[in-house]
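**Student:** What follows is a single structure, and I will ask about it in a moment.
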Amino acid sequence: VCTVSAQRTQRGVALLLAARGEAAARLAGGRRVAGVVSAAALAVLALGGFVGNRAEASASDALDAARLHSAAGEARQARRWEPWSSEPWRLLGESQLQAGEVADARTSFRRGLEKDDASWELWLDYALVTRGAERRASLAQVERLNPLSSELRQLRGTR
């Protein structure tokens, strides 16, 4: 059965090649170079995304295991590979906050909010490191973005 299937596939490929004839266009040198450069750029971009996502995952795992120094290092690496993302800033800020570095955490959360002011998690984290009107405004943002947040209810002391 496999031999018959393989023979049919070979005949089909041969027919396609024969039908193609001499009219097949070849890529000119300039177009070939442009194609290779484009493919290489996409590969570098994909690699950067992979490395950044992997660093984010490692930072999150390290935070869960209370390995704060490792979490901060991984978050900084993710920040280098994903300069557009707010997530590395959030992870860095959470590691700093757990380490008692409140001022540094506040700065990290603020930088993350500059990248994505629609992140309710960043607003919640920012509320943890602020007081007074700034804290109330942060909590109002959390409520606006995620009104069903159990974390918000816990922070406010309501069920």
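Starting from 1 in every chain, residues are counted up; chains themselves are A, B, ... following the order of the structure tokens, and ligands are numbered from 1 as listed.
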Quick one: everything within 12 Å of Ala99 in chain A, counting only C-alpha atoms, minus sequence neighbours fewer than 4 positions away in the same chain. Send it as a VMD selection string.
**Tutor:** chain A and resid 63 66 to 72 92 to 95 103 to 105
**Student:** Filtering to C-alpha atoms, could you give me those residues as a CSV table (one decimal), in the first residue's frame?
**Tutor:**
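Saved to part_5.csv:
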```
chain,number,residue,atom,x,y,z
A,63,LEU,CA,8.9,35.3,41.9
A,66,ALA,CA,10.6,33.8,46.2
A,67,ARG,CA,14.0,33.9,44.4
A,68,LEU,CA,13.9,37.7,44.2
A,69,HIS,CA,17.4,38.4,42.9
A,70,SER,CA,16.9,35.9,40.1
A,71,ALA,CA,13.4,37.3,39.3
A,72,ALA,CA,14.8,40.9,39.1
A,92,LEU,CA,10.8,43.8,38.2
A,93,GLY,CA,8.6,46.0,40.4
A,94,GLU,CA,7.0,43.1,42.1
A,95,SER,CA,10.5,41.6,42.8
A,103,ALA,CA,11.0,53.4,45.9
A,104,ASP,CA,12.5,51.3,43.2
A,105,ALA,CA,9.3,49.3,42.8
```
**Student:** Which residues, written as a ChimeraX atom specification, have at least one atom at most 12 Å from range 48-50 of chain A, with only C-alpha atoms counted and residues fewer than 2 positions away on the same chain left out?
**Tutor:** /A:41-46,52-57,77-85
**Student:** From the options A:Ser119, A:Ser149, A:Ser58, A:Thr107, which residue's atoms come nearest to Glu87 in chain A, counting only C-alpha atoms?
**Tutor:** A:Ser119
**Student:** Using CA of Val129 in chain A and CA of Asp64 in chain A as the two end points, give the distance in Å to one decimal.
**Tutor:**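 We find that CA of Val129 in chain A and CA of Asp64 in chain A lie 19.9 Å from each other.
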**Student:** Please indicate the distance in Å from CA of Val51 in chain A to CA of Ala75 in chain A, rounded to one decimal place.
**Tutor:**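 About the pair CA of Val51 in chain A and CA of Ala75 in chain A: they are 11.5 Å apart.
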**Student:** When you draw a straight line from CA of Leu124 in chain A to CA of Ala59 in chain A, how long is it in Å?
**Tutor:**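 We find that CA of Leu124 in chain A and CA of Ala59 in chain A lie 19.1 Å from each other.
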